[in-house]
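See below for the structure under consideration.
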Amino acid sequence: MPEAATGEGMSERRGPVLAVVGVTVLAFAARLVALDARPFHWSEGRVGYWALRFAETGAYEYRPVAGGPLVYVLARWTFELFGATDATARLPVALVGGLAPLVALLFRGVLDDRETVAFAGLLALDPLLLYYSRFLRGDVLAAVAGLVVVGGAARAHRAGDSRRVCLGGAALAGAGGPSGCGVRHP
């Protein structure tokens with residue numbers, strides 16, 4: 001009897017997905033616990049101040065040193081929902097950083113199952129990604145969007161599935177929102 005008919009093949013294929021989901025839960029915990037334990041870094045203070053001004057006035061002014069508008073928009077939403085604190089300002093970046101291990105699933109087929117789970121673990125626990133996922137800046141937002149672009153393209157190429165190209169295209173558009181590099185360096 002074929003594996004798929006017995007269910008064994010299905011559970012083997014789900015194993016790495018469940019492992020990546022578990023790693024993602026770990027990534028969220030690592031990013032959200034004590035998110036307000038340290039005061040803002042001076043760079044976060046600038047972005048936090050401009051995010052507060054945007055939340056209060058609705059007026060956004062592009063500042064090359066601080067990047068694109070996405071960080072301000074996300075901070076404004078969390079301020080409106082939960083109030084303005086260091087933790088709520090950092091929350092959108094922490095959530096996107098926590099979701100980063102799921103991007104590894106786009107590389108299934110290019111990577112084997114163990115490599116996919118290891119890649120998810122790297123995205124969850126890499127010290128630099130972890131630190132900047134707990135930091136009010138757009139770097140992690142742009143990096144995760146960039147990984148989705150590459151993962152979507154790899155998946156589309158491997159599977160011949162144009163939906164993955166659309167995913168990558170949307171992520172490419174999203175990658176410019178936090179960085180503003182496209183505005184500075186056309």
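To be explicit about the labels: the chains of the structure tokens are called A, B, and onward in the order shown, and within each one the residues are counted from 1, while ligands get numbers from 1 in the order they are shown.
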
Query raised in the report: Val25 (chain A): which residues within 12 Å, counting only C-alpha atoms, same-chain residues fewer than 2 positions away excluded, as a ChimeraX atom specification?
Result: /A:18-23,27-32,95,97-102,120-121,124-125

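Residues in contact with Leu35 (chain A) at 10 Å, where only C-alpha atoms are counted and same-chain residues fewer than 4 positions away are skipped, are listed as A:Ala30, A:Arg31, A:Pro39, A:Asp86, A:Ala87, A:Thr88, A:Ala89, A:Arg90, A:Leu91, A:Ala94, A:Ser133, A:Arg134, A:Phe135.
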
Show which residues sit within 9 Å of Gly109 (chain A), as a tab-separated table (two decimals) with all heavy atoms, in the first residue's frame. Count only C-alpha atoms, and ignore same-chain residues fewer than 6 positions away.
chain	number	residue	atom	x	y	z
A	116	THR	N	15.62	22.72	6.72
A	116	THR	CA	14.51	23.67	6.88
A	116	THR	C	14.31	24.01	8.35
A	116	THR	O	14.20	25.18	8.72
A	116	THR	CB	13.21	23.10	6.28
A	116	THR	OG1	13.42	22.84	4.89
A	116	THR	CG2	12.05	24.07	6.45
A	155	ARG	N	10.51	29.08	-4.30
A	155	ARG	CA	9.35	28.17	-4.30
A	155	ARG	C	8.65	28.18	-5.66
A	155	ARG	O	8.25	27.14	-6.17
A	155	ARG	CB	8.40	28.61	-3.20
A	155	ARG	CG	7.35	27.65	-2.86
A	155	ARG	CD	7.91	26.53	-2.03
A	155	ARG	NE	6.79	25.76	-1.54
A	155	ARG	CZ	6.88	24.81	-0.68
A	155	ARG	NH1	8.05	24.52	-0.17
A	155	ARG	NH2	5.84	24.15	-0.31
A	158	ARG	N	10.87	26.30	-8.17
A	158	ARG	CA	10.89	24.85	-7.90
A	158	ARG	C	9.55	24.20	-8.24
A	158	ARG	O	9.52	23.13	-8.82
A	158	ARG	CB	11.22	24.62	-6.43
A	158	ARG	CG	11.25	23.18	-6.02
A	158	ARG	CD	12.60	22.85	-5.49
A	158	ARG	NE	12.60	21.52	-4.94
A	158	ARG	CZ	13.34	20.55	-5.42
A	158	ARG	NH1	14.15	20.76	-6.42
A	158	ARG	NH2	13.31	19.37	-4.88
A	159	ALA	N	8.45	24.86	-7.87
A	159	ALA	CA	7.13	24.26	-8.04
A	159	ALA	C	6.42	24.73	-9.31
A	159	ALA	O	5.39	24.19	-9.67
A	159	ALA	CB	6.26	24.58	-6.83

At a cut-off of 8 Å, using only C-alpha atoms, what residues contact Phe107 (chain A)? Leave out same-chain residues fewer than 2 positions from it and give the result as a PDB file with N, CA, C and O atoms, in the first residue's frame.
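Contents of part-v9.pdb, freshly written:
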ATOM      1  N   VAL A 103       9.349  31.644   7.498  1.00  0.00           N
ATOM      2  CA  VAL A 103       9.871  31.866   6.153  1.00  0.00           C
ATOM      3  C   VAL A 103      10.659  30.642   5.675  1.00  0.00           C
ATOM      4  O   VAL A 103      10.698  30.349   4.481  1.00  0.00           O
ATOM      5  N   ALA A 104      11.250  29.900   6.615  1.00  0.00           N
ATOM      6  CA  ALA A 104      12.017  28.710   6.249  1.00  0.00           C
ATOM      7  C   ALA A 104      11.165  27.717   5.458  1.00  0.00           C
ATOM      8  O   ALA A 104      11.685  26.977   4.620  1.00  0.00           O
ATOM      9  N   LEU A 105       9.867  27.716   5.698  1.00  0.00           N
ATOM     10  CA  LEU A 105       8.988  26.777   4.987  1.00  0.00           C
ATOM     11  C   LEU A 105       8.931  27.072   3.491  1.00  0.00           C
ATOM     12  O   LEU A 105       8.657  26.169   2.696  1.00  0.00           O
ATOM     13  N   GLY A 109      12.064  21.895  -0.144  1.00  0.00           N
ATOM     14  CA  GLY A 109      12.303  21.435  -1.502  1.00  0.00           C
ATOM     15  C   GLY A 109      13.681  21.879  -1.972  1.00  0.00           C
ATOM     16  O   GLY A 109      14.391  21.130  -2.621  1.00  0.00           O
ATOM     17  N   VAL A 110      14.053  23.101  -1.652  1.00  0.00           N
ATOM     18  CA  VAL A 110      15.423  23.561  -1.899  1.00  0.00           C
ATOM     19  C   VAL A 110      16.305  23.032  -0.759  1.00  0.00           C
ATOM     20  O   VAL A 110      17.416  22.570  -0.982  1.00  0.00           O
ATOM     21  N   LEU A 111      15.760  23.113   0.460  1.00  0.00           N
ATOM     22  CA  LEU A 111      16.419  22.547   1.640  1.00  0.00           C
ATOM     23  C   LEU A 111      15.703  21.250   2.000  1.00  0.00           C
ATOM     24  O   LEU A 111      14.493  21.131   1.789  1.00  0.00           O
ATOM     25  N   THR A 116      15.616  22.717   6.719  1.00  0.00           N
ATOM     26  CA  THR A 116      14.513  23.672   6.881  1.00  0.00           C
ATOM     27  C   THR A 116      14.309  24.011   8.352  1.00  0.00           C
ATOM     28  O   THR A 116      14.196  25.178   8.722  1.00  0.00           O
ATOM     29  N   GLY A 151      12.485  33.506  -0.849  1.00  0.00           N
ATOM     30  CA  GLY A 151      11.779  32.240  -0.640  1.00  0.00           C
ATOM     31  C   GLY A 151      10.630  32.056  -1.608  1.00  0.00           C
ATOM     32  O   GLY A 151      10.414  30.947  -2.129  1.00  0.00           O
ATOM     33  N   ALA A 154      12.185  31.197  -4.967  1.00  0.00           N
ATOM     34  CA  ALA A 154      12.708  29.825  -4.965  1.00  0.00           C
ATOM     35  C   ALA A 154      11.568  28.817  -5.047  1.00  0.00           C
ATOM     36  O   ALA A 154      11.640  27.834  -5.799  1.00  0.00           O
ATOM     37  N   ARG A 155      10.506  29.078  -4.298  1.00  0.00           N
ATOM     38  CA  ARG A 155       9.353  28.171  -4.305  1.00  0.00           C
ATOM     39  C   ARG A 155       8.652  28.183  -5.663  1.00  0.00           C
ATOM     40  O   ARG A 155       8.251  27.138  -6.175  1.00  0.00           O
TER      41      ARG A 155
END
